[in-house]
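> Enclosed is the structure file data00.cif (mmCIF, C-alpha atoms).
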data_input
loop_
_atom_site.label_atom_id
_atom_site.label_comp_id
_atom_site.auth_asym_id
_atom_site.auth_seq_id
_atom_site.Cartn_x
_atom_site.Cartn_y
_atom_site.Cartn_z
CA MET A 1 6.89 -5.26 5.28
CA LEU A 2 10.18 -3.43 4.84
CA ALA A 3 12.91 -5.64 3.49
CA ASP A 4 15.78 -3.70 5.08
CA PRO A 5 16.24 -1.73 8.30
CA VAL A 6 15.65 2.01 8.49
CA ARG A 7 18.79 4.07 8.09
CA LEU A 8 18.81 6.85 10.67
CA GLY A 9 20.36 10.22 9.95
CA SER A 10 22.44 9.29 6.90
CA ALA A 11 21.97 9.06 3.16
CA GLU A 12 22.36 5.39 2.24
CA ASP A 13 20.72 2.84 -0.01
CA TYR A 14 17.81 1.52 2.06
CA CYS A 15 14.07 1.01 1.84
CA SER A 16 13.38 3.86 4.24
CA TRP A 17 15.10 6.92 5.67
CA ARG A 18 14.62 9.00 8.78
CA GLY A 19 16.63 12.15 9.45
CA SER A 20 16.59 15.61 10.98
CA GLY A 21 17.48 19.01 9.61
CA LEU A 22 18.89 19.94 13.02
CA THR A 23 21.92 17.71 12.45
CA TRP A 24 23.07 19.60 9.38
CA ASP A 25 25.80 22.24 9.26
CA SER A 26 24.01 25.61 9.34
CA ASN A 27 26.76 27.18 7.20
CA SER A 28 26.52 24.60 4.43
CA ARG A 29 24.28 25.08 1.42
CA ALA A 30 24.70 21.50 0.17
CA VAL A 31 21.59 19.48 -0.65
CA GLU A 32 21.36 16.18 1.21
CA GLN A 33 21.09 13.17 -1.13
CA VAL A 34 19.02 10.11 -0.19
CA HIS A 35 18.75 6.91 -2.25
CA LEU A 36 15.82 4.54 -1.69
CA ARG A 37 16.12 1.22 -3.51
CA CYS A 38 13.07 -0.84 -2.56
CA THR A 39 9.58 -1.24 -3.99
CA GLU A 40 8.04 0.20 -0.82
CA GLY A 41 9.10 2.13 2.25
CA PHE A 42 8.88 5.55 3.85
CA LEU A 43 10.76 8.79 4.42
CA GLU A 44 10.51 10.95 7.54
CA TRP A 45 12.32 14.30 7.58
CA MET A 46 11.98 16.01 10.96
CA TYR A 47 12.65 19.73 11.42
CA PRO A 48 13.09 20.31 7.66
CA THR A 49 15.65 22.94 6.68
CA ARG A 50 17.01 23.83 3.25
CA ALA A 51 16.38 20.93 0.85
CA LEU A 52 16.54 17.17 0.41
CA ARG A 53 16.94 15.31 -2.90
CA VAL A 54 15.47 11.80 -2.87
CA ILE A 55 16.31 9.29 -5.59
CA LEU A 56 13.80 6.46 -5.89
CA GLU A 57 15.84 3.87 -7.73
CA PRO A 58 14.60 0.41 -6.79
CA ASN A 59 16.58 -2.70 -7.61
CA LEU A 60 14.01 -4.37 -9.85
CA THR A 61 14.30 -7.92 -11.10
CA ASN A 62 11.82 -7.21 -13.88
CA GLY A 63 10.37 -4.23 -15.71
CA LYS A 64 6.80 -4.59 -14.48
CA HIS A 65 6.88 -1.70 -12.03
CA THR A 66 6.01 1.40 -14.01
CA THR A 67 4.30 3.68 -11.49
CA ILE A 68 5.36 5.17 -8.17
CA CYS A 69 2.77 6.35 -5.64
CA LEU A 70 3.35 8.57 -2.62
CA LYS A 71 1.06 9.10 0.35
CA PRO A 72 2.03 12.04 2.62
CA CYS A 73 2.09 11.47 6.36
CA PRO A 74 -1.00 12.85 8.14
CA ASN A 75 1.02 15.52 9.98
CA PHE A 76 2.95 16.70 6.92
CA LYS A 77 4.31 20.20 7.64
CA GLY A 78 7.21 22.43 6.75
CA ALA A 79 8.09 21.51 3.17
CA ASN A 80 6.96 21.09 -0.42
CA ILE A 81 7.64 17.99 -2.52
CA TYR A 82 8.48 18.33 -6.20
CA VAL A 83 9.06 15.62 -8.79
CA GLU A 84 11.84 16.24 -11.28
CA LYS A 85 10.71 15.94 -14.90
CA GLY A 86 13.75 16.59 -17.04
CA ARG A 87 14.99 19.97 -15.83
CA VAL A 88 11.60 21.07 -14.55
CA LEU A 89 10.31 20.71 -10.98
CA GLN A 90 6.59 19.93 -10.75
CA LEU A 91 4.85 20.54 -7.42
CA LEU A 92 3.47 17.29 -6.02
CA VAL A 93 2.68 17.94 -2.33
CA SER A 94 2.44 21.15 -0.31
CA GLU A 95 1.28 22.01 3.19
CA ALA A 96 -2.12 22.85 1.70
CA SER A 97 -2.50 19.46 0.00
CA ASP A 98 -5.05 16.84 1.01
CA MET A 99 -2.96 14.41 3.03
CA GLN A 100 -5.41 11.59 2.31
CA GLN A 101 -4.66 11.82 -1.40
CA VAL A 102 -2.24 9.41 -3.06
CA HIS A 103 0.02 10.98 -5.70
CA CYS A 104 1.23 8.78 -8.56
CA PHE A 105 3.54 9.29 -11.50
CA ALA A 106 5.31 7.15 -14.09
CA MET A 107 8.93 6.07 -13.95
CA ASP A 108 11.18 7.00 -16.85
CA ASN A 109 13.20 4.64 -19.00
CA MET A 110 16.08 4.68 -16.52
CA GLN A 111 13.85 3.15 -13.83
CA ARG A 112 14.45 6.01 -11.43
CA VAL A 113 12.60 9.05 -10.14
CA ALA A 114 14.06 12.08 -8.37
CA LEU A 115 12.12 14.07 -5.77
CA PHE A 116 13.12 17.48 -4.46
CA ILE A 117 11.86 18.29 -0.96
CA GLN A 118 12.27 21.97 -0.16
CA ALA A 119 11.72 23.33 3.33
CA CYS A 120 9.32 26.24 3.65
CA PRO A 121 10.73 29.48 5.15
CA GLN A 122 9.68 29.66 8.79
CA GLU A 123 10.93 31.07 12.05
CA ASP A 124 9.94 28.06 14.15
CA ILE A 125 10.64 24.60 12.72
CA ARG A 126 9.55 22.77 15.85
CA ARG A 127 6.85 20.12 15.41
CA ARG A 128 7.44 20.06 11.66
CA THR A 129 7.77 16.77 9.82
CA ALA A 130 7.78 16.22 6.06
CA GLY A 131 7.27 12.56 5.34
CA PHE A 132 5.59 10.07 3.05
CA GLN A 133 5.13 6.40 2.28
CA TYR A 134 5.99 5.20 -1.21
CA GLU A 135 5.06 2.10 -3.15
CA LEU A 136 5.70 0.85 -6.67
CA PHE A 137 2.91 -0.52 -8.83
CA ASN A 138 2.47 -1.96 -12.27
CA ASN A 139 -0.54 -1.25 -14.45
CA GLN A 140 -2.28 -4.41 -13.33
CA ASN A 141 -2.17 -3.69 -9.59
CA SER A 142 -5.26 -2.83 -7.63
CA GLY A 143 -4.58 0.14 -5.45
CA PRO A 144 -5.84 3.30 -3.81
CA ASP A 145 -5.79 5.77 -6.70
CA LEU A 146 -8.22 5.01 -9.54
CA GLN A 147 -7.18 7.88 -11.75
CA LYS A 148 -3.61 6.66 -12.17
CA PHE A 149 -3.93 3.03 -13.26
CA ALA A 150 -5.09 1.90 -16.65
CA LEU A 151 -6.94 -1.21 -15.46
CA MET A 152 -8.47 0.15 -12.26
CA ASP A 153 -11.98 0.08 -13.68
CA ALA A 154 -11.75 -3.70 -13.41
CA ILE A 155 -11.52 -3.60 -9.62
CA CYS A 156 -15.33 -3.77 -9.26
CA ARG A 157 -15.75 -6.55 -11.81
CA PRO A 158 -16.36 -10.04 -10.40
CA CYS A 159 -13.37 -12.35 -10.82
CA ASP A 160 -13.60 -15.23 -13.25
CA ASN A 161 -12.45 -18.68 -12.18
CA ALA A 162 -8.89 -18.28 -13.44
CA GLU A 163 -8.49 -14.91 -11.71
CA LEU A 164 -9.90 -16.33 -8.49
CA LEU A 165 -7.51 -19.29 -8.45
CA MET A 166 -4.57 -16.99 -9.11
CA ALA A 167 -5.71 -14.54 -6.41
CA VAL A 168 -5.54 -17.30 -3.81
CA CYS A 169 -1.93 -17.95 -4.84
CA ARG A 170 -0.67 -14.37 -5.04
CA SER A 171 -2.74 -12.19 -2.70
CA ASP A 172 -1.25 -10.53 0.37
CA PHE A 173 -4.14 -11.86 2.42
CA VAL A 174 -6.47 -14.86 2.05
CA VAL A 175 -9.19 -15.04 4.70
CA ARG A 176 -12.40 -16.96 5.15
CA GLY A 177 -14.94 -14.91 7.04
CA THR A 178 -18.28 -13.18 7.33
CA ILE A 179 -19.23 -9.54 6.85
CA LYS A 180 -19.99 -7.74 10.12
CA ASN A 181 -20.54 -4.21 8.83
CA ILE A 182 -20.02 -1.92 5.85
CA SER A 183 -19.33 1.81 6.12
CA HIS A 184 -18.73 4.43 3.44
CA ASP A 185 -16.37 7.39 3.18
CA GLN A 186 -17.89 9.75 0.63
CA GLU A 187 -14.94 12.14 0.72
CA ALA A 188 -12.35 9.44 0.04
CA HIS A 189 -14.66 7.55 -2.39
CA THR A 190 -14.07 4.31 -0.50
CA SER A 191 -16.07 1.69 1.39
CA HIS A 192 -14.81 -0.21 4.43
CA VAL A 193 -15.86 -3.81 5.05
CA ASP A 194 -15.47 -5.10 8.61
CA ILE A 195 -14.79 -8.84 8.60
CA ARG A 196 -15.13 -11.54 11.26
CA ALA A 197 -12.43 -14.03 10.31
CA LEU A 198 -13.02 -17.76 10.59
CA ASN A 199 -9.69 -18.73 9.00
CA VAL A 200 -6.68 -16.53 8.28
CA TYR A 201 -4.82 -18.56 5.67
CA ARG A 202 -2.34 -15.82 4.78
CA GLN A 203 -1.63 -12.20 5.64
CA THR A 204 1.46 -10.10 4.98
CA ASN A 205 0.93 -7.88 8.01
CA SER A 206 -1.43 -7.98 10.98
CA ILE A 207 -4.57 -6.74 9.24
CA PHE A 208 -6.64 -9.38 11.03
CA GLN A 209 -6.16 -9.46 14.78
CA LEU A 210 -7.81 -10.86 17.88
CA ASP A 211 -10.41 -8.55 19.41
CA GLU A 212 -9.95 -9.22 23.11
CA ALA A 213 -13.32 -7.66 23.94
CA THR A 214 -15.28 -10.14 21.79
CA GLY A 215 -12.80 -12.99 21.43
CA GLU A 216 -13.18 -12.78 17.63
CA TRP A 217 -10.59 -12.35 14.90
CA THR A 218 -11.53 -9.23 12.96
CA GLY A 219 -10.13 -7.00 10.25
CA ARG A 220 -11.10 -4.22 7.85
CA ILE A 221 -10.89 -4.36 4.06
CA THR A 222 -11.18 -1.32 1.80
CA THR A 223 -12.71 -1.09 -1.65
CA LEU A 224 -14.03 1.65 -3.91
CA LEU A 225 -17.31 3.36 -3.18
CA LYS A 226 -18.39 2.96 -6.78
CA CYS A 227 -18.22 -0.83 -6.40
CA ARG A 228 -21.41 -0.59 -4.29
CA VAL A 229 -20.37 -3.45 -2.02
CA GLN A 230 -23.30 -4.90 -0.07
CA LYS A 231 -23.54 -7.01 3.04
CA GLY A 232 -24.12 -10.65 2.19
CA GLU A 233 -24.94 -13.56 4.44
CA GLY A 234 -22.74 -16.62 4.83
CA ASP A 235 -19.01 -17.29 4.51
CA PHE A 236 -16.80 -15.64 1.89
CA LEU A 237 -13.19 -16.09 0.86
CA PHE A 238 -11.65 -12.61 0.92
CA THR A 239 -8.46 -11.99 -1.04
CA GLY A 240 -6.57 -8.84 -1.92
CA ASN A 241 -3.41 -6.78 -1.50
CA GLU A 242 -2.08 -4.30 1.02
CA HIS A 243 -1.25 -0.73 -0.01
CA PHE A 244 -0.01 1.94 2.40
CA GLY A 245 -1.06 -0.14 5.37
CA ASP A 246 -4.62 -0.77 4.13
CA ALA A 247 -6.06 -4.07 2.91
CA TRP A 248 -7.69 -3.62 -0.52
CA LEU A 249 -10.32 -6.10 -1.64
CA GLY A 250 -9.62 -8.31 -4.62
CA CYS A 251 -11.66 -11.42 -5.35
CA ALA A 252 -14.30 -12.37 -2.76
CA PRO A 253 -16.42 -15.38 -3.76
CA ARG A 254 -18.68 -17.31 -1.46
CA PHE A 255 -16.55 -19.94 0.22
CA LYS A 256 -18.63 -22.87 -0.99
CA ASP A 257 -18.39 -21.60 -4.57
CA PHE A 258 -14.63 -21.32 -4.27
CA LEU A 259 -14.45 -24.90 -2.98
CA ASN A 260 -16.26 -26.17 -6.06
CA ILE A 261 -14.06 -24.13 -8.42
CA TYR A 262 -10.84 -25.22 -6.71
CA GLN A 263 -11.77 -28.90 -6.53
CA GLU A 264 -12.71 -28.96 -10.21
CA ALA A 265 -9.44 -27.24 -11.16
CA LYS A 266 -7.46 -29.67 -9.01
CA HIS A 267 -9.23 -32.62 -10.65
CA GLN A 268 -8.26 -31.24 -14.06
CA ARG A 269 -4.78 -30.30 -12.81
CA THR A 270 -5.25 -26.67 -13.80
CA ASN A 271 -4.93 -25.13 -10.31
CA PRO A 272 -1.89 -22.76 -10.26
CA CYS A 273 -1.03 -23.62 -6.64
CA GLU A 274 -2.03 -25.91 -3.80
CA PHE A 275 -4.45 -24.43 -1.27
CA GLN A 276 -4.54 -26.01 2.19
CA PHE A 277 -8.03 -25.55 3.60
CA GLY A 278 -7.14 -27.00 6.96
CA PHE A 279 -4.29 -24.58 7.59
CA SER A 280 -4.84 -21.34 9.48
CA LEU A 281 -2.21 -18.87 10.63
CA ASN A 282 -3.87 -17.66 13.78
CA ILE A 283 -7.03 -19.54 14.68
CA PRO A 284 -8.34 -23.09 14.53
CA ALA A 285 -9.45 -24.15 11.06
CA ILE A 286 -13.20 -24.23 10.51
CA VAL A 287 -14.09 -26.09 7.34
#
Would you mind writing the file's structure down as structure tokens?


Amino acid sequence: MLADPVRLGSAEDYCSWRGSGLTWDSNSRAVEQVHLRCTEGFLEWMYPTRALRVILEPNLTNGKHTTICLKPCPNFKGANIYVEKGRVLQLLVSEASDMQQVHCFAMDNMQRVALFIQACPQEDIRRRTAGFQYELFNNQNSGPDLQKFALMDAICRPCDNAELLMAVCRSDFVVRGTIKNISHDQEAHTSHVDIRALNVYRQTNSIFQLDEATGEWTGRITTLLKCRVQKGEGDFLFTGNEHFGDAWLGCAPRFKDFLNIYQEAKHQRTNPCEFQFGFSLNIPAIV
């Protein structure tokens, strides 16, 4: 979730920015400056004219974030996005780009990245919006773009006990549930796992919601196609993180196996956090 409110129509230090080229002085050739200082947010530039310079300069409490990823909005039109590398502008996103693709690049030593968004020449700027979501990662994050992270090959590897116990403490979502269906997107190289939730112990956003038609709590989790996820019977404990509004699968042991691992760790006092099995955010606990 965004930590600060959206700043409308002005260049200020916020997580997200929304503005319009129609509000600018037509006689001015100045480039609008926007500073975004969070680890995630979005930018929406309606009716793009001339150019916009966006400084991604998050206030970081540590140096773990080394990569910035951008995902263009589905209706991206009217501009090109360049990333500044020294004195050179490198094209990142154009109107011809695949808007499902996530674009990632490293931060420099100053912990800042500058983007240059240039409007395309056009007679009619109506219904044009140049926008994107951004998110910061470190090299140990799981996320949507395999090619950009050094440890992404590990996303398909089963978690060991220590990783599992830590996932329960740190994941954006922790859910006990069963697998309803699995579908595959060959073009995006992803698989989607539809879950019937029995307990929602934690979720950052409303990934899992009540289906009024069936009376069940359901949600969808994404993973990589190459992981060859298969439908299994019984209850699982699903953990993972959210990126660009999607829930990405992390560790997912069978629930009874997790119980044994957790209880043994608690007996030995090696569990990194306390896990309350009887607590559920949205629905009655079923243990």

> Residue by residue, what does the PyMOL selection byres ((chain A and resi 258) around 9) grab here? Present the result as a PyMOL selection string.

chain A and resi 161+164-165+236-237+253-257+259-263

> Can you pull out the residues contacting Ser206 (chain A)? Cut-off 10 Å, using all atoms listed in the file, and skip same-chain residues under 3 positions away; I want them as a count of residues only.

6

> Find the distance between CA of Gly19 (chain A) and CA of Met46 (chain A) and write it in Å to one decimal.

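Spanning CA of Gly19 (chain A) to CA of Met46 (chain A) is a straight-line distance of 6.2 Å.
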
> Assuming the chain letters and numbering stay as they are in my file, what does the PyMOL selection byres ((chain A and resi 74) around 12) actually select? List them as a PDB file with C-alpha atoms, in the frame of the given file.


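Final file, part-v3.pdb:
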ATOM      1  CA  GLU A  44      10.510  10.950   7.540  1.00  0.00           C
ATOM      2  CA  LYS A  71       1.060   9.100   0.350  1.00  0.00           C
ATOM      3  CA  PRO A  72       2.030  12.040   2.620  1.00  0.00           C
ATOM      4  CA  CYS A  73       2.090  11.470   6.360  1.00  0.00           C
ATOM      5  CA  ASN A  75       1.020  15.520   9.980  1.00  0.00           C
ATOM      6  CA  PHE A  76       2.950  16.700   6.920  1.00  0.00           C
ATOM      7  CA  LYS A  77       4.310  20.200   7.640  1.00  0.00           C
ATOM      8  CA  GLU A  95       1.280  22.010   3.190  1.00  0.00           C
ATOM      9  CA  ALA A  96      -2.120  22.850   1.700  1.00  0.00           C
ATOM     10  CA  SER A  97      -2.500  19.460   0.000  1.00  0.00           C
ATOM     11  CA  ASP A  98      -5.050  16.840   1.010  1.00  0.00           C
ATOM     12  CA  MET A  99      -2.960  14.410   3.030  1.00  0.00           C
ATOM     13  CA  GLN A 100      -5.410  11.590   2.310  1.00  0.00           C
ATOM     14  CA  GLN A 101      -4.660  11.820  -1.400  1.00  0.00           C
ATOM     15  CA  VAL A 102      -2.240   9.410  -3.060  1.00  0.00           C
ATOM     16  CA  ARG A 128       7.440  20.060  11.660  1.00  0.00           C
ATOM     17  CA  THR A 129       7.770  16.770   9.820  1.00  0.00           C
ATOM     18  CA  ALA A 130       7.780  16.220   6.060  1.00  0.00           C
ATOM     19  CA  GLY A 131       7.270  12.560   5.340  1.00  0.00           C
ATOM     20  CA  PHE A 132       5.590  10.070   3.050  1.00  0.00           C
ATOM     21  CA  GLN A 133       5.130   6.400   2.280  1.00  0.00           C
TER      22      GLN A 133
END

> Taking the file as I've supplied it (selection: the PyMOL selection byres ((chain A and resi 233) around 8)), which residues are included? Please answer as a PyMOL selection string.

chain A and resi 178-179+231-232+234-235

> For the atom pair CA of Pro48 (chain A) and CA of Arg112 (chain A), what is the interatomic distance in Å to one decimal place?

23.9 Å

> To one decimal place, how far is CA of Gln230 (chain A) from CA of Glu187 (chain A) in Å?

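These two atoms are separated by 19.0 Å.
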
> Tell me which of A:Gly21, A:Gly240, A:Gly177, A:Gly250 sits closest to Thr218 (chain A), counting all atoms listed in the file.

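Among the listed residues, A:Gly177 lies closest to Thr218 (chain A).
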
> Just want the 10 Å neighbourhood of Ser183 (chain A), counted on only C-alpha atoms, with same-chain residues fewer than 4 positions away dropped. Output as JSON, numbers by chain.

{"A": [190, 191, 192, 193, 194, 222, 225, 229, 230]}

> Applying 10 Å and only C-alpha atoms, which residues near Arg170 (chain A) remain after dropping the ones on its own chain fewer than 4 positions away? List them as a list in words.

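Here the answer would be Leu165, Met166, Val174, Thr239, Gly240, Asn241, Pro272 and Cys273 of chain A.
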
> What would the file look like if the residues just selected were written as a tab-separated table (two decimals), keeping the file's coordinate frame with C-alpha atoms?


chain	number	residue	atom	x	y	z
A	165	LEU	CA	-7.51	-19.29	-8.45
A	166	MET	CA	-4.57	-16.99	-9.11
A	174	VAL	CA	-6.47	-14.86	2.05
A	239	THR	CA	-8.46	-11.99	-1.04
A	240	GLY	CA	-6.57	-8.84	-1.92
A	241	ASN	CA	-3.41	-6.78	-1.50
A	272	PRO	CA	-1.89	-22.76	-10.26
A	273	CYS	CA	-1.03	-23.62	-6.64

> Considering all atoms listed in the file, can you say which of A:Arg157, A:Arg176, A:Arg202, A:His103 comes closest to Leu91 (chain A)?

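Going through A:Arg157, A:Arg176, A:Arg202, A:His103 one by one, the smallest distance to Leu91 (chain A) is for A:His103.
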
> Rebuild N, CA, C and O atoms on region 217-240 of chain A, as a CSV table (one decimal), keeping the file's coordinate frame?


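The resulting file, result-v1.csv, is reproduced below:
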chain,number,residue,atom,x,y,z
A,217,TRP,N,-11.6,-12.9,15.8
A,217,TRP,CA,-10.6,-12.4,14.9
A,217,TRP,C,-11.3,-11.4,13.9
A,217,TRP,O,-12.2,-11.9,13.2
A,218,THR,N,-10.9,-10.2,13.8
A,218,THR,CA,-11.5,-9.2,13.0
A,218,THR,C,-10.5,-8.4,12.1
A,218,THR,O,-9.3,-8.4,12.5
A,219,GLY,N,-11.0,-7.8,11.1
A,219,GLY,CA,-10.1,-7.0,10.2
A,219,GLY,C,-11.0,-6.1,9.3
A,219,GLY,O,-12.2,-6.4,9.2
A,220,ARG,N,-10.4,-5.1,8.7
A,220,ARG,CA,-11.1,-4.2,7.8
A,220,ARG,C,-10.5,-4.3,6.5
A,220,ARG,O,-9.2,-4.2,6.3
A,221,ILE,N,-11.3,-4.4,5.5
A,221,ILE,CA,-10.9,-4.4,4.1
A,221,ILE,C,-11.5,-3.2,3.4
A,221,ILE,O,-12.7,-2.8,3.6
A,222,THR,N,-10.7,-2.5,2.5
A,222,THR,CA,-11.2,-1.3,1.8
A,222,THR,C,-11.4,-1.6,0.3
A,222,THR,O,-10.7,-2.5,-0.3
A,223,THR,N,-12.5,-1.0,-0.2
A,223,THR,CA,-12.7,-1.1,-1.6
A,223,THR,C,-13.2,0.3,-2.1
A,223,THR,O,-13.4,1.2,-1.3
A,224,LEU,N,-13.6,0.4,-3.4
A,224,LEU,CA,-14.0,1.6,-3.9
A,224,LEU,C,-15.5,1.8,-3.7
A,224,LEU,O,-16.3,0.9,-3.8
A,225,LEU,N,-15.9,3.1,-3.4
A,225,LEU,CA,-17.3,3.4,-3.2
A,225,LEU,C,-18.2,3.0,-4.4
A,225,LEU,O,-19.3,2.5,-4.2
A,226,LYS,N,-17.6,3.2,-5.6
A,226,LYS,CA,-18.4,3.0,-6.8
A,226,LYS,C,-18.7,1.5,-7.0
A,226,LYS,O,-19.5,1.1,-7.8
A,227,CYS,N,-18.0,0.6,-6.3
A,227,CYS,CA,-18.2,-0.8,-6.4
A,227,CYS,C,-19.5,-1.2,-5.8
A,227,CYS,O,-20.0,-2.4,-6.0
A,228,ARG,N,-20.1,-0.4,-4.9
A,228,ARG,CA,-21.4,-0.6,-4.3
A,228,ARG,C,-21.4,-1.9,-3.6
A,228,ARG,O,-22.4,-2.7,-3.7
A,229,VAL,N,-20.4,-2.2,-2.8
A,229,VAL,CA,-20.4,-3.4,-2.0
A,229,VAL,C,-21.5,-3.5,-1.0
A,229,VAL,O,-21.9,-2.5,-0.4
A,230,GLN,N,-22.1,-4.7,-0.9
A,230,GLN,CA,-23.3,-4.9,-0.1
A,230,GLN,C,-23.0,-6.1,0.9
A,230,GLN,O,-22.3,-7.0,0.6
A,231,LYS,N,-23.7,-6.0,2.0
A,231,LYS,CA,-23.5,-7.0,3.0
A,231,LYS,C,-24.3,-8.3,2.6
A,231,LYS,O,-25.5,-8.3,2.3
A,232,GLY,N,-23.5,-9.4,2.5
A,232,GLY,CA,-24.1,-10.6,2.2
A,232,GLY,C,-24.0,-11.6,3.4
A,232,GLY,O,-23.2,-11.5,4.2
A,233,GLU,N,-24.9,-12.6,3.4
A,233,GLU,CA,-24.9,-13.6,4.4
A,233,GLU,C,-24.0,-14.7,4.1
A,233,GLU,O,-23.8,-15.0,2.9
A,234,GLY,N,-23.5,-15.4,5.1
A,234,GLY,CA,-22.7,-16.6,4.8
A,234,GLY,C,-21.2,-16.3,4.8
A,234,GLY,O,-20.8,-15.2,5.1
A,235,ASP,N,-20.5,-17.4,4.5
A,235,ASP,CA,-19.0,-17.3,4.5
A,235,ASP,C,-18.5,-16.9,3.1
A,235,ASP,O,-19.0,-17.4,2.1
A,236,PHE,N,-17.5,-16.1,3.1
A,236,PHE,CA,-16.8,-15.6,1.9
A,236,PHE,C,-15.3,-15.9,2.0
A,236,PHE,O,-14.8,-16.0,3.1
A,237,LEU,N,-14.6,-16.0,0.9
A,237,LEU,CA,-13.2,-16.1,0.9
A,237,LEU,C,-12.7,-14.7,0.4
A,237,LEU,O,-12.8,-14.4,-0.8
A,238,PHE,N,-12.1,-14.0,1.3
A,238,PHE,CA,-11.6,-12.6,0.9
A,238,PHE,C,-10.2,-12.7,0.6
A,238,PHE,O,-9.3,-13.2,1.3
A,239,THR,N,-9.8,-12.1,-0.6
A,239,THR,CA,-8.5,-12.0,-1.0
A,239,THR,C,-8.2,-10.5,-1.4
A,239,THR,O,-9.1,-9.8,-1.7
A,240,GLY,N,-6.9,-10.2,-1.5
A,240,GLY,CA,-6.6,-8.8,-1.9
A,240,GLY,C,-5.1,-8.5,-1.6
A,240,GLY,O,-4.4,-9.4,-1.2
